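For reference, entry-v5.cif (mmCIF, C-alpha atoms):
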data_final
#
loop_
_atom_site.group_PDB
_atom_site.id
_atom_site.type_symbol
_atom_site.label_atom_id
_atom_site.label_comp_id
_atom_site.auth_asym_id
_atom_site.auth_seq_id
_atom_site.Cartn_x
_atom_site.Cartn_y
_atom_site.Cartn_z
ATOM 1 C CA MET A 1 -100.543 -49.683 52.214
ATOM 2 C CA GLU A 2 -96.928 -50.720 51.815
ATOM 3 C CA ASP A 3 -97.434 -51.330 48.081
ATOM 4 C CA THR A 4 -98.929 -47.886 47.645
ATOM 5 C CA GLU A 5 -96.007 -46.239 49.397
ATOM 6 C CA ASP A 6 -93.489 -48.076 47.229
ATOM 7 C CA ALA A 7 -95.234 -46.981 44.072
ATOM 8 C CA SER A 8 -95.237 -43.352 45.199
ATOM 9 C CA GLU A 9 -91.535 -43.393 45.947
ATOM 10 C CA THR A 10 -90.798 -44.890 42.541
ATOM 11 C CA ASP A 11 -92.781 -42.234 40.747
ATOM 12 C CA LEU A 12 -91.048 -39.486 42.737
ATOM 13 C CA ALA A 13 -87.636 -40.819 41.805
ATOM 14 C CA LYS A 14 -88.521 -40.978 38.145
ATOM 15 C CA HIS A 15 -89.834 -37.432 38.296
ATOM 16 C CA ASP A 16 -86.638 -36.147 39.895
ATOM 17 C CA GLU A 17 -84.517 -37.909 37.315
ATOM 18 C CA GLU A 18 -86.489 -36.370 34.482
ATOM 19 C CA ASP A 19 -86.147 -32.908 36.036
ATOM 20 C CA TYR A 20 -82.329 -33.371 36.298
ATOM 21 C CA VAL A 21 -82.025 -34.452 32.685
ATOM 22 C CA GLU A 22 -84.192 -31.570 31.568
ATOM 23 C CA MET A 23 -82.105 -29.113 33.609
ATOM 24 C CA LYS A 24 -78.866 -30.428 32.105
ATOM 25 C CA GLU A 25 -80.318 -30.123 28.637
ATOM 26 C CA GLN A 26 -81.363 -26.554 29.400
ATOM 27 C CA MET A 27 -77.874 -25.658 30.630
ATOM 28 C CA TYR A 28 -76.324 -27.196 27.524
ATOM 29 C CA GLN A 29 -78.664 -25.238 25.298
ATOM 30 C CA ASP A 30 -77.927 -22.020 27.188
ATOM 31 C CA LYS A 31 -74.151 -22.509 26.866
ATOM 32 C CA LEU A 32 -74.466 -23.383 23.208
ATOM 33 C CA ALA A 33 -76.595 -20.310 22.580
ATOM 34 C CA SER A 34 -74.065 -18.155 24.473
ATOM 35 C CA LEU A 35 -71.169 -19.491 22.404
ATOM 36 C CA LYS A 36 -73.088 -18.942 19.190
ATOM 37 C CA ARG A 37 -73.863 -15.390 20.298
ATOM 38 C CA GLN A 38 -70.177 -14.713 21.122
ATOM 39 C CA LEU A 39 -69.152 -16.170 17.749
ATOM 40 C CA GLN A 40 -71.623 -13.888 16.010
ATOM 41 C CA GLN A 41 -70.298 -10.875 17.942
ATOM 42 C CA LEU A 42 -66.722 -11.900 17.129
ATOM 43 C CA GLN A 43 -67.517 -12.024 13.430
ATOM 44 C CA GLU A 44 -69.190 -8.630 13.680
ATOM 45 C CA GLY A 45 -66.303 -7.212 15.739
ATOM 46 C CA THR A 46 -68.493 -6.256 18.686
ATOM 47 C CA LEU A 47 -67.243 -8.850 21.164
ATOM 48 C CA GLN A 48 -65.977 -7.108 24.289
ATOM 49 C CA GLU A 49 -62.985 -9.414 24.820
ATOM 50 C CA TYR A 50 -62.027 -9.032 21.187
ATOM 51 C CA GLN A 51 -62.223 -5.235 21.369
ATOM 52 C CA LYS A 52 -60.142 -5.191 24.552
ATOM 53 C CA ARG A 53 -57.346 -7.306 23.041
ATOM 54 C CA MET A 54 -57.461 -5.371 19.779
ATOM 55 C CA LYS A 55 -57.016 -2.125 21.701
ATOM 56 C CA LYS A 56 -53.934 -3.541 23.432
ATOM 57 C CA LEU A 57 -52.460 -4.738 20.122
ATOM 58 C CA ASP A 58 -53.155 -1.335 18.575
ATOM 59 C CA GLN A 59 -51.285 0.395 21.379
ATOM 60 C CA GLN A 60 -48.297 -1.921 20.929
ATOM 61 C CA TYR A 61 -48.343 -1.311 17.169
ATOM 62 C CA LYS A 62 -48.415 2.479 17.596
ATOM 63 C CA GLU A 63 -45.586 2.318 20.147
ATOM 64 C CA ARG A 64 -43.368 0.322 17.793
ATOM 65 C CA ILE A 65 -44.111 2.696 14.907
ATOM 66 C CA ARG A 66 -43.234 5.698 17.075
ATOM 67 C CA ASN A 67 -39.966 4.091 18.218
ATOM 68 C CA ALA A 68 -39.061 3.253 14.608
ATOM 69 C CA GLU A 69 -39.705 6.842 13.512
ATOM 70 C CA LEU A 70 -37.568 8.188 16.363
ATOM 71 C CA PHE A 71 -34.756 5.785 15.463
ATOM 72 C CA LEU A 72 -35.003 6.855 11.806
ATOM 73 C CA GLN A 73 -34.837 10.515 12.789
ATOM 74 C CA LEU A 74 -31.782 9.969 14.995
ATOM 75 C CA GLU A 75 -29.992 7.951 12.305
ATOM 76 C CA THR A 76 -30.800 10.584 9.678
ATOM 77 C CA GLU A 77 -29.428 13.370 11.858
ATOM 78 C CA GLN A 78 -26.273 11.355 12.551
ATOM 79 C CA VAL A 79 -25.754 10.669 8.836
ATOM 80 C CA GLU A 80 -26.269 14.350 8.022
ATOM 81 C CA ARG A 81 -23.729 15.368 10.678
ATOM 82 C CA ASN A 82 -21.206 12.871 9.333
ATOM 83 C CA TYR A 83 -21.835 14.110 5.793
ATOM 84 C CA ILE A 84 -21.276 17.730 6.784
ATOM 85 C CA LYS A 85 -18.128 16.791 8.698
ATOM 86 C CA GLU A 86 -16.679 14.756 5.831
ATOM 87 C CA LYS A 87 -17.560 17.479 3.338
ATOM 88 C CA LYS A 88 -15.750 20.124 5.392
ATOM 89 C CA ALA A 89 -12.723 17.859 5.765
ATOM 90 C CA ALA A 90 -12.659 17.193 2.003
ATOM 91 C CA VAL A 91 -12.928 20.915 1.219
ATOM 92 C CA LYS A 92 -10.138 21.754 3.687
ATOM 93 C CA GLU A 93 -7.864 19.036 2.306
ATOM 94 C CA PHE A 94 -8.553 20.218 -1.250
ATOM 95 C CA GLU A 95 -7.700 23.823 -0.365
ATOM 96 C CA ASP A 96 -4.509 22.751 1.438
ATOM 97 C CA LYS A 97 -3.415 20.580 -1.485
ATOM 98 C CA LYS A 98 -4.173 23.397 -3.913
ATOM 99 C CA VAL A 99 -2.090 25.885 -1.912
ATOM 100 C CA GLU A 100 0.734 23.363 -1.560
ATOM 101 C CA LEU A 101 0.692 22.598 -5.293
ATOM 102 C CA LYS A 102 0.752 26.293 -6.134
ATOM 103 C CA GLU A 103 3.652 26.944 -3.763
ATOM 104 C CA ASN A 104 5.655 24.027 -5.155
ATOM 105 C CA LEU A 105 5.102 25.135 -8.754
ATOM 106 C CA ILE A 106 6.042 28.717 -7.898
ATOM 107 C CA ALA A 107 9.202 27.480 -6.168
ATOM 108 C CA GLU A 108 10.152 25.343 -9.166
ATOM 109 C CA LEU A 109 9.531 28.187 -11.608
ATOM 110 C CA GLU A 110 11.531 30.619 -9.492
ATOM 111 C CA GLU A 111 14.364 28.112 -9.305
ATOM 112 C CA LYS A 112 14.354 27.643 -13.083
ATOM 113 C CA LYS A 113 14.272 31.405 -13.543
ATOM 114 C CA LYS A 114 17.258 31.815 -11.237
ATOM 115 C CA MET A 115 19.195 29.104 -13.067
ATOM 116 C CA ILE A 116 18.545 30.802 -16.406
ATOM 117 C CA GLU A 117 19.600 34.190 -15.005
ATOM 118 C CA ASN A 118 22.773 32.649 -13.537
ATOM 119 C CA GLU A 119 23.535 30.966 -16.847
ATOM 120 C CA LYS A 120 23.111 34.244 -18.709
ATOM 121 C CA LEU A 121 25.258 36.073 -16.163
ATOM 122 C CA THR A 122 27.950 33.409 -16.444
ATOM 123 C CA MET A 123 28.048 33.709 -20.207
ATOM 124 C CA GLU A 124 28.235 37.505 -20.034
ATOM 125 C CA LEU A 125 31.034 37.598 -17.449
ATOM 126 C CA THR A 126 33.193 34.759 -18.781
ATOM 127 C CA GLY A 127 32.564 35.474 -22.464
ATOM 128 C CA ASP A 128 31.702 31.814 -23.116
ATOM 129 C CA SER A 129 29.597 30.929 -26.130
ATOM 130 C CA MET A 130 27.729 27.745 -26.808
ATOM 131 C CA GLU A 131 28.464 28.042 -30.536
ATOM 132 C CA VAL A 132 31.360 25.905 -31.742
ATOM 133 C CA LYS A 133 33.397 27.896 -34.278
ATOM 134 C CA PRO A 134 35.354 25.965 -36.922
ATOM 135 C CA ILE A 135 39.118 26.088 -36.603
ATOM 136 C CA MET A 136 40.804 27.488 -39.705
ATOM 137 C CA THR A 137 43.783 25.337 -40.708
ATOM 138 C CA ARG A 138 46.288 25.902 -43.502
ATOM 139 C CA LYS A 139 46.752 23.015 -45.878
ATOM 140 C CA LEU A 140 50.137 22.631 -47.604
ATOM 141 C CA ARG A 141 50.540 21.351 -51.090
ATOM 142 C CA ARG A 142 51.808 17.781 -51.163
ATOM 143 C CA ARG A 143 55.005 17.103 -53.065
ATOM 144 C CA PRO A 144 55.066 14.331 -55.645
ATOM 145 C CA ASN A 145 57.411 12.050 -53.631
ATOM 146 C CA ASP A 146 55.741 12.600 -50.226
ATOM 147 C CA PRO A 147 53.635 9.751 -48.811
ATOM 148 C CA VAL A 148 49.907 10.171 -48.595
ATOM 149 C CA PRO A 149 49.083 11.632 -45.181
ATOM 150 C CA ILE A 150 46.987 9.481 -42.859
ATOM 151 C CA PRO A 151 44.016 11.361 -41.429
ATOM 152 C CA ASP A 152 44.149 11.856 -37.674
ATOM 153 C CA LYS A 153 41.216 10.008 -36.145
ATOM 154 C CA ARG A 154 41.852 11.237 -32.638
ATOM 155 C CA ARG A 155 38.926 12.963 -31.001
ATOM 156 C CA LYS A 156 39.107 16.709 -31.242
ATOM 157 C CA PRO A 157 39.042 18.632 -27.981
ATOM 158 C CA ALA A 158 35.521 19.562 -27.046
ATOM 159 C CA PRO A 159 34.657 23.176 -26.378
ATOM 160 C CA ASP A 160 34.343 24.501 -22.902
ATOM 161 C CA ILE A 161 30.811 23.142 -22.546
ATOM 162 C CA HIS A 162 31.660 21.017 -19.511
ATOM 163 C CA LEU A 163 33.330 23.992 -17.853
ATOM 164 C CA HIS A 164 30.227 26.033 -18.570
ATOM 165 C CA GLN A 165 27.962 23.352 -17.034
ATOM 166 C CA ALA A 166 30.238 23.073 -14.010
ATOM 167 C CA LEU A 167 30.015 26.823 -13.498
ATOM 168 C CA ILE A 168 26.225 26.673 -13.688
ATOM 169 C CA THR A 169 26.146 23.862 -11.093
ATOM 170 C CA LEU A 170 28.535 25.799 -8.880
ATOM 171 C CA ASN A 171 26.391 28.911 -9.154
ATOM 172 C CA TYR A 172 23.374 26.902 -8.166
ATOM 173 C CA LEU A 173 24.995 25.743 -4.922
ATOM 174 C CA LEU A 174 26.573 29.057 -3.873
ATOM 175 C CA THR A 175 25.095 32.321 -2.724
ATOM 176 C CA ASP A 176 24.786 35.313 -5.039
ATOM 177 C CA GLU A 177 27.787 37.110 -3.514
ATOM 178 C CA GLN A 178 29.986 34.016 -3.785
ATOM 179 C CA ILE A 179 28.852 33.511 -7.377
ATOM 180 C CA MET A 180 29.820 37.041 -8.365
ATOM 181 C CA GLU A 181 33.204 36.780 -6.666
ATOM 182 C CA ASP A 182 34.013 33.430 -8.354
ATOM 183 C CA LEU A 183 32.946 34.727 -11.752
ATOM 184 C CA ARG A 184 35.123 37.817 -11.403
ATOM 185 C CA THR A 185 38.068 35.622 -10.483
ATOM 186 C CA LEU A 186 37.481 33.317 -13.479
ATOM 187 C CA ASN A 187 37.131 36.298 -15.778
ATOM 188 C CA LYS A 188 40.454 37.666 -14.567
ATOM 189 C CA LEU A 189 42.143 34.298 -15.093
ATOM 190 C CA LYS A 190 40.838 33.994 -18.652
ATOM 191 C CA SER A 191 41.784 37.570 -19.623
ATOM 192 C CA PRO A 192 45.371 38.218 -20.912
ATOM 193 C CA LYS A 193 47.823 39.132 -18.179
ATOM 194 C CA ARG A 194 49.179 42.649 -18.117
ATOM 195 C CA PRO A 195 52.312 43.876 -16.349
ATOM 196 C CA ALA A 196 51.485 44.568 -12.765
ATOM 197 C CA SER A 197 52.112 48.071 -11.543
ATOM 198 C CA PRO A 198 53.613 48.773 -8.118
ATOM 199 C CA SER A 199 50.238 50.036 -6.965
ATOM 200 C CA SER A 200 48.351 46.939 -8.134
ATOM 201 C CA PRO A 201 46.938 44.521 -5.571
ATOM 202 C CA GLU A 202 49.509 41.898 -6.584
ATOM 203 C CA HIS A 203 52.292 43.924 -4.873
ATOM 204 C CA LEU A 204 50.307 44.425 -1.701
ATOM 205 C CA PRO A 205 51.060 42.140 1.261
ATOM 206 C CA ALA A 206 48.968 39.023 1.161
ATOM 207 C CA THR A 207 46.352 38.628 3.868
ATOM 208 C CA PRO A 208 46.077 35.343 5.669
ATOM 209 C CA ALA A 209 43.579 33.044 3.999
ATOM 210 C CA GLU A 210 40.350 32.436 5.809
ATOM 211 C CA SER A 211 39.819 29.019 7.259
ATOM 212 C CA PRO A 212 37.560 26.867 5.093
ATOM 213 C CA ALA A 213 33.969 26.722 6.294
ATOM 214 C CA GLN A 214 32.755 23.588 7.972
ATOM 215 C CA ARG A 215 31.030 21.231 5.539
ATOM 216 C CA PHE A 216 27.805 19.390 6.414
ATOM 217 C CA GLU A 217 26.320 16.381 4.692
ATOM 218 C CA ALA A 218 22.961 17.347 3.157
ATOM 219 C CA ARG A 219 20.900 15.660 0.459
ATOM 220 C CA ILE A 220 17.261 15.076 -0.505
ATOM 221 C CA GLU A 221 15.838 11.621 -1.158
ATOM 222 C CA ASP A 222 12.209 10.521 -1.594
ATOM 223 C CA GLY A 223 10.828 13.883 -0.487
ATOM 224 C CA LYS A 224 12.885 13.895 2.763
ATOM 225 C CA LEU A 225 15.974 15.849 3.813
ATOM 226 C CA TYR A 226 19.036 14.031 5.160
ATOM 227 C CA TYR A 227 21.140 16.515 7.125
ATOM 228 C CA ASP A 228 23.866 15.975 9.729
ATOM 229 C CA LYS A 229 23.076 12.228 10.056
ATOM 230 C CA ARG A 230 19.362 12.856 10.652
ATOM 231 C CA TRP A 231 16.252 12.676 8.462
ATOM 232 C CA TYR A 232 13.778 15.576 8.272
ATOM 233 C CA HIS A 233 10.374 15.495 6.624
ATOM 234 C CA LYS A 234 7.521 17.842 5.774
ATOM 235 C CA SER A 235 5.589 19.455 8.702
ATOM 236 C CA GLN A 236 8.469 18.695 11.116
ATOM 237 C CA ALA A 237 9.256 21.309 13.779
ATOM 238 C CA ILE A 238 12.882 22.562 13.677
ATOM 239 C CA TYR A 239 15.212 25.330 14.836
ATOM 240 C CA LEU A 240 16.958 27.274 12.062
ATOM 241 C CA GLU A 241 20.273 28.860 13.054
ATOM 242 C CA SER A 242 22.117 31.321 10.804
ATOM 243 C CA LYS A 243 25.765 32.453 10.794
ATOM 244 C CA ASP A 244 24.896 35.571 12.779
ATOM 245 C CA ASN A 245 23.742 33.322 15.659
ATOM 246 C CA GLN A 246 20.072 34.041 15.001
ATOM 247 C CA LYS A 247 17.862 31.143 16.086
ATOM 248 C CA LEU A 248 14.380 30.833 14.539
ATOM 249 C CA SER A 249 11.568 28.433 15.384
ATOM 250 C CA CYS A 250 10.253 27.022 12.094
ATOM 251 C CA VAL A 251 8.271 24.209 10.487
ATOM 252 C CA ILE A 252 9.297 22.497 7.230
ATOM 253 C CA SER A 253 6.646 23.534 4.709
ATOM 254 C CA SER A 254 7.805 21.505 1.679
ATOM 255 C CA VAL A 255 10.832 19.577 0.384
ATOM 256 C CA GLY A 256 11.821 20.201 -3.236
ATOM 257 C CA ALA A 257 14.493 18.714 -5.473
ATOM 258 C CA ASN A 258 17.394 20.924 -4.307
ATOM 259 C CA GLU A 259 15.866 23.108 -1.623
ATOM 260 C CA ILE A 260 13.439 23.163 1.279
ATOM 261 C CA TRP A 261 10.844 25.731 2.294
ATOM 262 C CA VAL A 262 10.413 26.556 5.988
ATOM 263 C CA ARG A 263 7.690 28.591 7.678
ATOM 264 C CA LYS A 264 8.429 30.745 10.715
ATOM 265 C CA THR A 265 6.124 30.056 13.638
ATOM 266 C CA SER A 266 6.308 33.678 14.786
ATOM 267 C CA ASP A 267 4.816 35.422 11.717
ATOM 268 C CA SER A 268 4.130 32.494 9.298
ATOM 269 C CA THR A 269 6.503 33.902 6.664
ATOM 270 C CA LYS A 270 8.319 31.409 4.441
ATOM 271 C CA MET A 271 11.996 31.047 3.609
ATOM 272 C CA ARG A 272 13.796 28.969 0.984
ATOM 273 C CA ILE A 273 16.953 27.156 2.047
ATOM 274 C CA TYR A 274 19.214 25.559 -0.591
ATOM 275 C CA LEU A 275 21.240 22.393 -0.095
ATOM 276 C CA GLY A 276 24.419 24.355 -0.807
ATOM 277 C CA GLN A 277 23.669 26.722 2.077
ATOM 278 C CA LEU A 278 23.191 23.776 4.421
ATOM 279 C CA GLN A 279 26.364 22.058 3.159
ATOM 280 C CA ARG A 280 28.461 25.216 3.628
ATOM 281 C CA GLY A 281 27.058 25.838 7.088
ATOM 282 C CA LEU A 282 25.307 29.109 6.222
ATOM 283 C CA PHE A 283 22.251 27.670 7.933
ATOM 284 C CA VAL A 284 22.094 24.962 10.592
ATOM 285 C CA ILE A 285 19.017 22.840 11.313
ATOM 286 C CA ARG A 286 18.251 21.420 14.720
ATOM 287 C CA ARG A 287 15.315 19.305 15.796
ATOM 288 C CA ARG A 288 12.805 20.636 18.284
ATOM 289 C CA SER A 289 9.726 19.329 20.031
ATOM 290 C CA ALA A 290 6.422 19.810 18.155
ATOM 291 C CA ALA A 291 4.546 20.662 21.425
#
Spit out the file's structure as structure tokens when you get a sec.
Amino acid sequence: MEDTEDASETDLAKHDEEDYVEMKEQMYQDKLASLKRQLQQLQEGTLQEYQKRMKKLDQQYKERIRNAELFLQLETEQVERNYIKEKKAAVKEFEDKKVELKENLIAELEEKKKMIENEKLTMELTGDSMEVKPIMTRKLRRRPNDPVPIPDKRRKPAPDIHLHQALITLNYLLTDEQIMEDLRTLNKLKSPKRPASPSSPEHLPATPAESPAQRFEARIEDGKLYYDKRWYHKSQAIYLESKDNQKLSCVISSVGANEIWVRKTSDSTKMRIYLGQLQRGLFVIRRRSAA
């Protein structure tokens, strides 16, 4: 009986062990089949996990593309705004430079015209002529015993060209009324003197001479005006005072070779002021705040 029981227990143990091995084999086969099935679905693109992750990646891709397009749009709009702004600034600067160039050329031409008119007026009033007329000299016949004369190599006196140029320069620095008065005086001095009659102005009592006008230092260097120990430049705000105590608020529009142009802030009209007028005190310049 004991031997029979031992044999039965041994068979039962072997049977259980075989069932365990068979179950493990079945589980292995099931897992292997499941992995093969998932691999097949992955290759076909039908795997659920694959589709889920692909959907997430697609959303991220679309979000980045949308952000890039928005950034491109913003940058394009900014570039277009900057282009329009720079274009307007370039057009404005071009127009300003064109107006300034035109004004400067007009001022130069007007100044040349005035110089030519003053030169013509000077020649008409003083009777000067730029033509040098030959001086007629009388030659005497040399006697046989007289020595041979040595030619005079001294420089002949030049015509009144320098006087004429000095008058032109003087006219350029003075006002029209002062020019006319000086030319009349010079014309009287160059004309032959006649006996003065009792009723002539020479027999009238002399009036006291006027005190000389105050002189101011004024010159132009490198496109800037040096006046009364101060420098003034283009677009600077100033006060312009005249001899009749009139005070104007102005801005220096341009600085020429011998004059400056100022623009009134009240009505934007322009005035030309010569260096001679500043030196003689006909106009006085004072600085003012640009605010």
At a cut-off of 12 Å, using only C-alpha atoms, what residues contact Asn258 in chain A? Leave out same-chain residues fewer than 2 positions from it and give the result as a ChimeraX atom specification.
/A:107-108,111-112,169,172-173,218-226,254-256,260-261,272-279
Near Ser235 in chain A, counting all atoms listed in the file, which residues have an atom at most 10 Å away, once you skip same-chain residues fewer than 6 positions from it, shown as a PDB file with C-alpha atoms, in the coordinates of the input?
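Result written to out-v1.pdb:
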ATOM      1  CA  CYS A 250      10.253  27.022  12.094  1.00  0.00           C
ATOM      2  CA  VAL A 251       8.271  24.209  10.487  1.00  0.00           C
ATOM      3  CA  ILE A 252       9.297  22.497   7.230  1.00  0.00           C
ATOM      4  CA  SER A 253       6.646  23.534   4.709  1.00  0.00           C
ATOM      5  CA  SER A 254       7.805  21.505   1.679  1.00  0.00           C
ATOM      6  CA  VAL A 255      10.832  19.577   0.384  1.00  0.00           C
ATOM      7  CA  VAL A 262      10.413  26.556   5.988  1.00  0.00           C
ATOM      8  CA  ARG A 263       7.690  28.591   7.678  1.00  0.00           C
ATOM      9  CA  ALA A 290       6.422  19.810  18.155  1.00  0.00           C
TER      10      ALA A 290
END
Å distance separating CA of Glu119 in chain A from CA of Met271 in chain A, one decimal place
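Value for the CA of Glu119 in chain A-CA of Met271 in chain A distance: 23.5 Å.
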Suppose you want the space between CA of Leu183 in chain A and CA of Lys120 in chain A; what is it in Å?
12.1 Å
